[in-house]
Amino acid sequence: MALHFSRDEFKRRQRNACREMARQGLDGLLIFRQESMYYLTGYDTSGYSMFQGMYLAQDGRIALLTRTADRIQSRMTSVLKDIRIWYDRDGANPALDLRDMMADLGAGGKRVGVEYHAYGFTAQRGKLVDAALEGFCRTEDATDLVRLLRLVKSPAELKYVRRAGALSDAALDVANRMCVPGQHIGAIYGEMMNVIMRGDGDPTASRWPMGAGKEALMVRYHTGHGKVGRDDNCVFEFAAAYRHYHAALMHNVITGKPTQRQKDMYKACKDALAACEDALRPGKTVGDIFDTHAKSFTRSGFKKQSLAACGYTLGASYPPSWMDWPMFWTGNPQVIEPGMVFFMHMILLDARTGVSMSLGETAIVTKGRCEPVNHAPRSLVVN
Amino acid sequence: MALHFTRAEFTRRQKAACREIRRRGLDGLLCFRQESMYWLTGYDTNGFSLFQGMYLGADGRIALCTRAADRLQSKYTSVIKDVRIWIDREGATPAHDLRDMLESYGCRGKRLGVEYDAYGLTGARAKMVDAAFEGFCRTEEATDIIRLLRMVKSPAELVYVRKAGTLADDARDVAVRDCVPGASIAHIYGDMLGAIMAGDGDPTAARWPIGAGQEALFVRYHTGHKPVSTRNDQSTFEFAASYRHYHTVMMFVVLTGKVDPRHRGMFQAARDALDAAEGDLRPGKTVGDVFDAQAKVLKGSRYARTTLPACGYTVGANFPPTWMDGCFIHAGNPQVLEPGMVFFKQIMLLDDRTGLSMSLGETSVVTARGCEQVCHAPRELIAN
């Protein structure tokens with residue numbers, strides 16, 4: 001067995017989910033997000049790229065339907081006892097196996113919440129399940145039920161978040177040391193991943209937007225990296241994961257002599273990050289943090305170069321993305337509470353000149369000042 | 001611009017897709033698979049975790065609807081000229097932006113194929129799209145159009161596949177060298193990744209099932225790796241290397257300490273079965289034939305009950321969360337093999353009664369006469 005939380009903690013989480021179902025008048029929850037499965041039971045797999053589903057009845061009974069490949073893995077990584085297998089064959093319809101399993105757990109004729117927004121649950125699979133459940137039970141979207149419970153982390157989860165923070169700091173050191181003219185970005189990337197893996201971390205749920213020269217303007221991973229130039233501006237947007245909990249970090253490294261414009265942009269990012277971390281307190285809303293970011297960039301004269309979002313919450317996430325919801329954008333009403341974890345990124349993109357600058361780190365909300373779990377450089381890195 | 005294929009090749013691919021779209025009586029195709037977008041235009045992003053969609057008309061016109069974050073990225077990485085942006089806000093319904101884009105291409109009342117089996121198009125997003133298209137145009141499932149075209153690789157694609165094969169061999173060398181009694185699996189994993197990245201590869205589309213002891217029976221990635229035992233152990237390595245997103249996959253087991261004779265028997269059986277599968281991986285055979293070839297070898301052996309109902313799949317340019325590109329090698333799969341297809345074949349013997357595990361797998365290109373191994377799993381039992 002490889003459980004990363006106590007059985008009591010899993011029980012507590014399941015009970016909270018059942019209580020929330022009762023509050024919403026749901027008799028059960030059909031779970032397709034790997035994040036929810038890991039949270040509720042410990043079940044740890046990449047098998048969600050194929051069809052699988054979990055059902056949690058409001059009375060606490062829980063069962064998983066998956067493929068043979070996950071039979072042993074689900075038993076060894078989770079507290080699940082009821083594991084059913086569907087078999088690959090041409091024309092297989094695992095949604096019918098799922099309905100049979102739900103019938104055994106008393107879902108017939110009931111009102112069931114469904115996690116419709118799950119990467120493993122493609123539109124095609126969604127249609128398969130809708131057709132199978134037609135006339136069997138009533139369904140409605142309930143993607144948010146476990147997501148909202150996951151927002152506030154327990155003390156045991158926060159330990160992993162801090163550990164991920166330390167690993168991302170170690171990767172930051174590698175980036176700052178290796179990012180010199182002539183160095184291949186791919187080699188830096190490999191060493192950063194290596195230090196995270198050696199620290200018992202995970203390859204992150206998504207790949208990193210990193211690049212020198214023109215590639216610095218890409219904010220997504222892309223294949224084929226160039227080399228660091230002599231007067232260059234390299235962007236590093238990366239994360240470390242520990243037991244799937246992510247801590248993200250973002251910064252730029254300048255080679256050669258920084259321009260006054262770059263120095264000004266850096267200072268604007270630093271001030272904005274400080275303002276956001278100061279504002280990240282219980283009682284504020286997620287929208288308030290975005291507004292703080294926007295106000296700070298307005299003050300420094302860089303509003304036009306700033307973006308329409310400045311971060312998001314983080315937790316235990318699976319590929320293809322470590323971005324969890326909510327996102328920091330204006331008007332987001334989510335109220336901030338202790339135990340939530342946020343990545344705040346201050347990004348300036350000057351489309352006219354092609355100059356970019358950024359600074360971002362991850363912090364835990366506490367009763368007072370937030371606790372940053374990693375540490376972006378507080379002075380411009382120049383190599 | 002960072003195009004990894006010539007413009008002529010992208011044009012050829014788009015033309016082939018349009019031919020197929022017309023053959024099926026469709027007026028256009030709505031792409032949601034990142035794999036299709038990369039193949040048709042070069043567009044390279046992980047922005048598919050948020051909502052985006054690409055349109056390819058039967059007339060060859062092409063347009064993308066995505067978020068602001070991908071505006072520059074789509075310009076730098078692809079041949080797409082028409083990129084529309086939808087704006088994030090509370091309660092945004094980007095399916096309306098997508099519909100507006102299609103409207104400007106004259107899609108109202110037309111018949112469109114849709115890639116419904118795409119990780120970025122979750123069940124929830126599909127409901128948003130279907131609602132927005134209600135009464136606007138007719139849609140039907142067409143996930144297979146590009147998937148099937150992508151199965152046969154061009155010479156330029158095969159160059160990348162072979163390069164990925166070389167990187168996988170480099171990573172294999174790290175594992176074979178470093179997996180010794182007491183070694184840290186996490187260190188080996190890190191050094192394997194380091195070798196692939198230093199060789200200009202990509203972090204693969206999925207994470208690797210690697211593990212010692214009981215974890216050697218896992219066939220999926222899991223967090224938290226135990227070290228190799230200081231005494232006798234088995235460590236499973238199932239991994240891939242990726243170059244320009246093209247994957248080659250490999251799988252094998254490293255034994256440490258004193259070798260259990262049962263492991264030798266399992267290795268022999270796995271090797272014979274893999275040889276049989278590779279023997280049938282040639283043009284004219286079906287994917288089902290490849291499954292049967294290895295099943296025949298294992299059926300008579302004492303390991304029959306430890307096998308799985310599928311033994312591989314096709315691979316190509318893939319994005320997270322998986323490099324498994326479909327067309328699973330299982331009984332009865334009628335797909336006919338053609339030169340230029342690429343398959344990963346894996347023989348896995350997982351015995352949860354004895355707790356012993358053995359496996360062997362590698363990636364091959366189907367050629368005119370047979371197949372070409374692009375990476376090379378050890379053909380002798382590794383005992384460190």
# chains A, B, ... in the order shown; residues from 1 in each chain; ligands from 1
call {"tool": "closest_atom_pairs", "arguments": {"of": "chain B", "to": "chain A", "cutoff": "6 Å", "atoms": "only C-alpha atoms", "output": "CSV"}}
result
residue,atom,partner,partner_atom,distance
B:Asp44,CA,A:His222,CA,5.7
B:Thr45,CA,A:Arg220,CA,5.6
B:Asn46,CA,A:Arg220,CA,5.9
B:Gln73,CA,A:Met218,CA,5.2
B:Tyr116,CA,A:Gln124,CA,5.0
B:Asp117,CA,A:Gln124,CA,4.9
B:Ala118,CA,A:Thr122,CA,5.6
B:Tyr119,CA,A:Tyr119,CA,4.9
B:Leu121,CA,A:Thr122,CA,5.7
B:Thr122,CA,A:Thr122,CA,4.5
B:Gly123,CA,A:Ala123,CA,4.3
B:Ala124,CA,A:His117,CA,4.8
B:Ala126,CA,A:Ala123,CA,5.3
B:Ala186,CA,A:Arg198,CA,5.4
B:His187,CA,A:Arg198,CA,4.8
B:Gly190,CA,A:Asn194,CA,4.1
B:Gly194,CA,A:Gly190,CA,4.2
B:Met197,CA,A:Gly190,CA,4.8
B:Ala198,CA,A:Ala187,CA,4.3
B:Asp200,CA,A:Gly186,CA,5.6
B:Phe218,CA,A:Gln73,CA,5.4
B:Arg220,CA,A:Thr45,CA,5.6
B:Tyr221,CA,A:Thr45,CA,5.9
B:His222,CA,A:Asp44,CA,5.7
B:Thr223,CA,A:Arg243,CA,5.3
B:Arg244,CA,A:Thr223,CA,5.4
B:Pro320,CA,A:Pro320,CA,5.1
B:Pro321,CA,A:Pro320,CA,5.1
call {"tool": "residues_around", "arguments": {"residues": "A:Arg84", "least_positions_apart": "4", "cutoff": "8 Å", "atoms": "only C-alpha atoms", "output": "PyMOL selection string"}}
result
chain A and resi 63-66+101
call {"tool": "write_last_selection", "arguments": {"atoms": "N, CA and C atoms", "output": "mmCIF file, in the first residue's frame"}}
result
data_model
loop_
_atom_site.group_PDB
_atom_site.id
_atom_site.type_symbol
_atom_site.label_atom_id
_atom_site.label_comp_id
_atom_site.auth_asym_id
_atom_site.auth_seq_id
_atom_site.Cartn_x
_atom_site.Cartn_y
_atom_site.Cartn_z
ATOM 1 N N ALA A 63 -17.357 3.171 -5.156
ATOM 2 C CA ALA A 63 -16.852 2.119 -6.035
ATOM 3 C C ALA A 63 -16.204 2.731 -7.264
ATOM 4 N N LEU A 64 -15.299 1.967 -7.871
ATOM 5 C CA LEU A 64 -14.558 2.423 -9.050
ATOM 6 C C LEU A 64 -14.737 1.436 -10.185
ATOM 7 N N LEU A 65 -14.929 1.972 -11.395
ATOM 8 C CA LEU A 65 -14.909 1.143 -12.601
ATOM 9 C C LEU A 65 -13.702 1.571 -13.437
ATOM 10 N N THR A 66 -12.818 0.636 -13.735
ATOM 11 C CA THR A 66 -11.655 0.986 -14.538
ATOM 12 C C THR A 66 -11.224 -0.206 -15.385
ATOM 13 N N MET A 101 -22.760 -0.764 -12.191
ATOM 14 C CA MET A 101 -22.124 -0.510 -10.900
ATOM 15 C C MET A 101 -22.962 0.470 -10.077
#
call {"tool": "select_by_dssp", "arguments": {"residues": "stretch 110-326 of chain B", "states": "helix (DSSP H, G or I)", "output": "ChimeraX atom specification"}}
result
/B:123-133,144-151,155-178,185-198,213-217,261-280,287-299,304-306
call {"tool": "atom_distance", "arguments": {"atom1": "atom CA of A:Gly213", "atom2": "atom CA of B:Asp202"}}
result
19.1 Å
call {"tool": "select_by_dssp", "arguments": {"residues": "stretch 16-137 of chain B", "states": "strand (DSSP E)", "output": "JSON, numbers by chain"}}
result
{"B": [28, 29, 30, 31, 53, 54, 55, 56, 57, 62, 63, 64, 65, 66, 67, 82, 83, 84, 85, 86, 111, 112, 113, 114]}
call {"tool": "residues_around", "arguments": {"residues": "A:Gly113", "least_positions_apart": "3", "cutoff": "12 Å", "atoms": "only C-alpha atoms", "output": "CSV table (one decimal) with C-alpha atoms, in the first residue's frame"}}
result
chain,number,residue,atom,x,y,z
A,17,ALA,CA,-18.4,15.3,0.1
A,18,CYS,CA,-21.5,13.3,1.2
A,20,GLU,CA,-22.3,18.6,0.6
A,21,MET,CA,-24.3,16.2,-1.7
A,22,ALA,CA,-27.1,16.1,0.9
A,24,GLN,CA,-27.5,20.1,-2.7
A,25,GLY,CA,-30.1,17.4,-2.7
A,26,LEU,CA,-28.0,14.9,-4.6
A,27,ASP,CA,-28.2,11.2,-3.9
A,28,GLY,CA,-24.8,10.4,-5.4
A,29,LEU,CA,-21.8,11.8,-7.3
A,30,LEU,CA,-20.4,10.4,-10.5
A,31,ILE,CA,-16.7,11.3,-10.5
A,32,PHE,CA,-14.5,11.6,-13.6
A,54,MET,CA,-16.0,6.5,-9.7
A,55,TYR,CA,-19.4,6.6,-7.9
A,56,LEU,CA,-19.8,8.0,-4.4
A,57,ALA,CA,-23.3,7.4,-3.0
A,58,GLN,CA,-24.7,9.9,-0.4
A,107,ALA,CA,-28.5,5.0,-8.0
A,110,LYS,CA,-32.0,8.9,-8.1
A,116,TYR,CA,-18.9,16.7,-16.7
A,117,HIS,CA,-15.8,18.9,-16.8
A,137,CYS,CA,-31.4,8.2,-13.1
A,138,ARG,CA,-31.5,12.0,-13.3
A,139,THR,CA,-28.2,13.7,-13.9
A,140,GLU,CA,-26.9,17.3,-13.5
A,141,ASP,CA,-23.5,19.0,-13.6
A,142,ALA,CA,-21.7,18.9,-10.3
A,143,THR,CA,-18.1,19.4,-11.4
A,144,ASP,CA,-17.7,22.0,-8.6
A,145,LEU,CA,-18.7,19.9,-5.6
A,146,VAL,CA,-15.3,18.3,-4.9
call {"tool": "closest_residue", "arguments": {"among": "B:Ser242, B:Thr314, B:Thr11, B:Gln346", "to": "B:Pro203", "atoms": "only C-alpha atoms"}}
result
B:Ser242
call {"tool": "residues_around", "arguments": {"residues": "B:Ala175", "least_positions_apart": "6", "cutoff": "8 Å", "atoms": "only C-alpha atoms", "output": "ChimeraX atom specification"}}
result
/B:188,192,237
call {"tool": "write_last_selection", "arguments": {"atoms": "N, CA and C atoms", "output": "JSON list (two decimals), in the first residue's frame"}}
result
[["chain", "number", "residue", "atom", "x", "y", "z"],
["B", 188, "ILE", "N", 17.15, 7.87, -10.83],
["B", 188, "ILE", "CA", 17.25, 7.29, -12.17],
["B", 188, "ILE", "C", 16.26, 8.00, -13.11],
["B", 192, "MET", "N", 17.27, 10.05, -16.43],
["B", 192, "MET", "CA", 16.72, 9.67, -17.75],
["B", 192, "MET", "C", 16.08, 10.89, -18.42],
["B", 237, "PHE", "N", 10.68, -0.52, -16.00],
["B", 237, "PHE", "CA", 10.85, 0.77, -16.67],
["B", 237, "PHE", "C", 9.95, 0.80, -17.89]]
call {"tool": "residues_around", "arguments": {"residues": "B:His330", "least_positions_apart": "2", "cutoff": "12 Å", "atoms": "only C-alpha atoms", "output": "MDAnalysis selection string"}}
result
(chainID A and resid 87:90) or (chainID B and resid 277 286:295 307:314 326:328 332:335 345:346)
call {"tool": "write_last_selection", "arguments": {"atoms": "C-alpha atoms", "output": "compact mmCIF listing (two decimals), in the first residue's frame"}}
result
# COMPACT_ATOMS: atom_id res chain seq x y z
CA TYR A 87 -12.77 -5.19 -20.76
CA ASP A 88 -11.33 -3.73 -23.97
CA ARG A 89 -12.83 -5.08 -27.14
CA ASP A 90 -13.98 -3.60 -30.42
CA ALA B 277 4.54 -9.82 -32.61
CA THR B 286 -4.09 -6.56 -39.34
CA VAL B 287 -3.47 -5.17 -35.88
CA GLY B 288 -5.51 -8.12 -34.58
CA ASP B 289 -3.03 -10.48 -36.26
CA VAL B 290 -0.20 -8.92 -34.27
CA PHE B 291 -2.12 -9.55 -31.06
CA ASP B 292 -2.81 -13.15 -32.05
CA ALA B 293 0.86 -13.80 -32.90
CA GLN B 294 2.05 -13.02 -29.37
CA ALA B 295 -1.02 -14.58 -27.76
CA THR B 307 -1.13 -11.31 -19.58
CA LEU B 308 -3.29 -8.29 -20.39
CA PRO B 309 -6.01 -8.07 -23.08
CA ALA B 310 -4.06 -5.45 -25.08
CA CYS B 311 -0.38 -5.42 -26.02
CA GLY B 312 0.38 -2.03 -27.48
CA TYR B 313 -0.90 0.80 -29.65
CA THR B 314 0.15 3.21 -32.32
CA GLY B 326 -5.32 4.64 -30.10
CA CYS B 327 -5.59 1.66 -32.41
CA PHE B 328 -4.87 -0.68 -29.52
CA GLY B 332 -9.92 -8.71 -33.66
CA ASN B 333 -8.75 -5.16 -34.40
CA PRO B 334 -9.35 -4.99 -38.17
CA GLN B 335 -6.98 -2.07 -38.94
CA LYS B 345 4.35 -3.47 -28.80
CA GLN B 346 4.59 -4.54 -25.19
call {"tool": "residues_around", "arguments": {"residues": "B:Ile146", "least_positions_apart": "3", "cutoff": "8 Å", "atoms": "only C-alpha atoms", "output": "NGL selection string"}}
result
:B and (17 or 36 or 143 or 149-150)
call {"tool": "write_last_selection", "arguments": {"atoms": "C-alpha atoms", "output": "PDB file, in the first residue's frame"}}
result
ATOM      1  CA  ALA B  17      -7.876  16.049 -44.951  1.00  0.00           C
ATOM      2  CA  SER B  36      -4.790  17.336 -35.252  1.00  0.00           C
ATOM      3  CA  THR B 143     -12.814  12.190 -34.565  1.00  0.00           C
ATOM      4  CA  LEU B 149      -4.539  10.182 -41.749  1.00  0.00           C
ATOM      5  CA  ARG B 150      -1.963  10.676 -38.994  1.00  0.00           C
TER       6      ARG B 150
END
call {"tool": "residues_around", "arguments": {"residues": "B:Leu381", "least_positions_apart": "3", "cutoff": "8 Å", "atoms": "only C-alpha atoms", "output": "list in words"}}
result
Val254, Leu255, Arg264, Phe267 and Pro378 of chain B
call {"tool": "closest_residue", "arguments": {"among": "B:Val366, B:Ala92, B:Met101, B:Leu350", "to": "B:Pro283", "atoms": "only C-alpha atoms"}}
result
B:Val366
call {"tool": "closest_residue", "arguments": {"among": "B:Leu64, B:Val79, B:Leu112, B:Ile329", "to": "B:Leu98", "atoms": "only C-alpha atoms"}}
result
B:Leu64
